[in-house]
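One structure is given below, encoded as structure tokens.
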Amino acid sequence: MKKLITFGDSWVFGVGAAFKKGMSKVDYTSVAWGEESERLSFRSLLSKKHDLENVNFSKGGSSNQMQFRKASEYYLGDQQFGQDDFVIWGLTSVHRTEYFDPHKKEFVNMFFAQPKDSLQKLLTVKMFDEAIETERLFYQIKLFNSFFAMHGVKNYWFNVFNEHKFPGAVDNLLFEGSSVLSLILDDKEPNDKYHKSDWEDADRKILKAKDSNLVNRISGHPTAETHMKIADLFEKTIDFKTGDLRKVTMEDYFG
């Protein structure tokens with residue numbers, strides 16, 4: 001069975017898709033990461049429609065670093081190279097990272113926007129720079145593009161909610177770099193600040209998405225209806241029978 005392999009953060013996973021109008025925060029958090037939210041995600045909708053096995057590595061709150069590690073473990077550890085499989089990879093906020101905690105013996109994902117302990121506060125103040133992290137992300141993308149090409153794997157990147165300003169061109173970057181957030185809003189204008197993907201974010205575009213009921217007001221994640229819109233964006237862009245790109249222009253996305 002052909003595989004659709006997905007990497008990314010909460011928007012790719014489907015966190016919050018089971019939101020219902022009027023939910024309390026407690027009720028919402030009980031379903032936000034559950035099976036119903038995952039079932040309503042755009043990746044699940046596309047996989048079901050096109051009879052694809054969805055091998056998913058996306059996770060709520062994931063950093064880009066976590067996703068690159070997951071991809072390395074999957075492809076270098078198990079050598080999973082299906083000739084007809086293809087990859088969709090969502091690029092998330094650079095205001096996240098992960099590190100290994102030897103005491104807990106596990107990787108810890110952290111938000112620079114919300115440091116939880118003294119180590120995370122130190123990392124945030126002394127060791128984080130948005131422009132440098134964006135540049136590092138660019139080179140990781142370039143490296144994986146070369147890796148996928150060498151193994152004949154079709155792979156596509158997309159910006160989830162920020163139009164990252166990379167230091168060079170990125171092959172296989174969908175929507176000409178426009179973020180999914182901008183596309184669902186039909187808003188080509190720059191955001192007023194970087195969306196860090198924090199439940200408390202108040203950038204112009206996420207507030208506009210909340211006012212338009214495209215995302216819920218509790219955590220700012222897409223609703224089930226919005227996941228259908230996102231699935232349509234990918235339908236316009238990718239031929240899911242072959243994994244090849246369709247011929248589309250930005251006018252096909254923005255009205």
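We label chains A, B, ... in the order they appear in the structure tokens, count residues from 1 in each chain, and number ligands from 1 in the order shown.
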
Could you give me, as JSON lines, a per-residue list for stretch 88-163 of chain A showing, wherever an atom lies at most 9 Å from an atom of stretch 10-17 of chain A, the closest pair of atoms and their distance in Å to one decimal, using only C-alpha atoms and sorting by chain then residue number from low to high?
```
{"residue": "A:Trp89", "atom": "CA", "partner": "A:Val12", "partner_atom": "CA", "distance": 8.5}
{"residue": "A:Gly90", "atom": "CA", "partner": "A:Val12", "partner_atom": "CA", "distance": 6.9}
{"residue": "A:Val160", "atom": "CA", "partner": "A:Trp11", "partner_atom": "CA", "distance": 7.4}
```

Just the strand (DSSP E) stuff from stretch 47-168 of chain A, please, per backbone DSSP, written as a list in words.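 DSSP on the backbone gives strand (DSSP E) at Glu53, Asn54, Val55, Asn56, Phe86, Val87, Ile88, Trp89, Gly90, Leu91, Arg96, Thr97, Glu98, Tyr99, Phe100, Asp101, Glu106, Phe107, Val108, Asn109, Met110, Phe111, Lys154, Asn155, Tyr156, Trp157, Phe158 and Asn159 of chain A.
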
Nearby residues (only C-alpha atoms) at most 12 Å from A:Lys48, same-chain spacing under 5 positions excluded, as a ChimeraX atom specification: /A:2-4,39-43,53-54,231,240

Filtering to N, CA and C atoms, could you give me those residues as a CSV table (one decimal), in the first residue's frame?
```
chain,number,residue,atom,x,y,z
A,2,LYS,N,0.6,2.2,-0.9
A,2,LYS,CA,1.4,3.4,-1.0
A,2,LYS,C,1.2,4.2,0.3
A,3,LYS,N,2.3,4.8,0.8
A,3,LYS,CA,2.3,5.6,2.0
A,3,LYS,C,2.4,7.1,1.8
A,4,LEU,N,1.6,7.8,2.6
A,4,LEU,CA,1.8,9.2,2.7
A,4,LEU,C,2.5,9.4,4.1
A,39,ARG,N,-8.5,11.9,13.4
A,39,ARG,CA,-9.3,11.4,12.3
A,39,ARG,C,-9.8,12.6,11.4
A,40,LEU,N,-10.0,13.8,12.0
A,40,LEU,CA,-10.5,14.9,11.2
A,40,LEU,C,-9.4,15.8,10.6
A,41,SER,N,-8.1,15.4,10.8
A,41,SER,CA,-7.0,16.1,10.3
A,41,SER,C,-6.9,16.0,8.8
A,42,PHE,N,-6.3,17.0,8.2
A,42,PHE,CA,-6.2,17.0,6.7
A,42,PHE,C,-5.4,15.9,6.2
A,43,ARG,N,-4.4,15.4,6.9
A,43,ARG,CA,-3.6,14.3,6.5
A,43,ARG,C,-4.4,13.0,6.5
A,53,GLU,N,-1.7,4.7,3.1
A,53,GLU,CA,-1.4,4.5,4.5
A,53,GLU,C,-0.6,5.7,5.0
A,54,ASN,N,-1.2,6.3,6.1
A,54,ASN,CA,-0.5,7.5,6.6
A,54,ASN,C,0.5,7.1,7.7
A,231,ALA,N,-7.0,20.4,3.3
A,231,ALA,CA,-6.9,19.2,2.4
A,231,ALA,C,-7.1,19.6,1.0
A,240,PHE,N,-2.3,13.0,-5.9
A,240,PHE,CA,-2.1,11.9,-4.9
A,240,PHE,C,-2.1,10.5,-5.5
```

Find, counting only C-alpha atoms, the residue in A:Gln140, A:Asn216, A:Gln114, A:Ser178 that gets nearest to A:Gly22.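 Going through A:Gln140, A:Asn216, A:Gln114, A:Ser178 one by one, the smallest distance to A:Gly22 is for A:Asn216.
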
Would you kindly return, as JSON, numbers by chain, each protein, DNA or RNA residue with an atom no farther than 12 Å from any atom of A:Tyr156, considering only C-alpha atoms and excluding same-chain residues fewer than 6 positions away? {"A": [4, 5, 6, 7, 8, 85, 86, 87, 88, 89, 90, 91, 141, 142, 144, 145, 148, 149, 170, 171, 172, 173, 174, 175, 176, 177, 234, 237, 238, 243, 244, 245]}

Per-residue nearest contacts stretch 47-151 of chain A to stretch 186-194 of chain A, cut-off 10 Å, using only C-alpha atoms, as a Markdown table:
```
| residue | atom | partner | partner_atom | distance |
| --- | --- | --- | --- | --- |
| A:Ser93 | CA | A:Tyr194 | CA | 8.4 |
| A:Val94 | CA | A:Tyr194 | CA | 9.6 |
| A:His95 | CA | A:Tyr194 | CA | 9.4 |
| A:Glu130 | CA | A:Tyr194 | CA | 9.5 |
```

Selected residues written out with C-alpha atoms, as a tab-separated table (two decimals), in the first residue's frame:
```
chain	number	residue	atom	x	y	z
A	93	SER	CA	7.99	27.78	14.59
A	94	VAL	CA	11.74	28.19	15.11
A	95	HIS	CA	10.92	29.33	18.65
A	130	GLU	CA	15.45	33.78	15.44
```
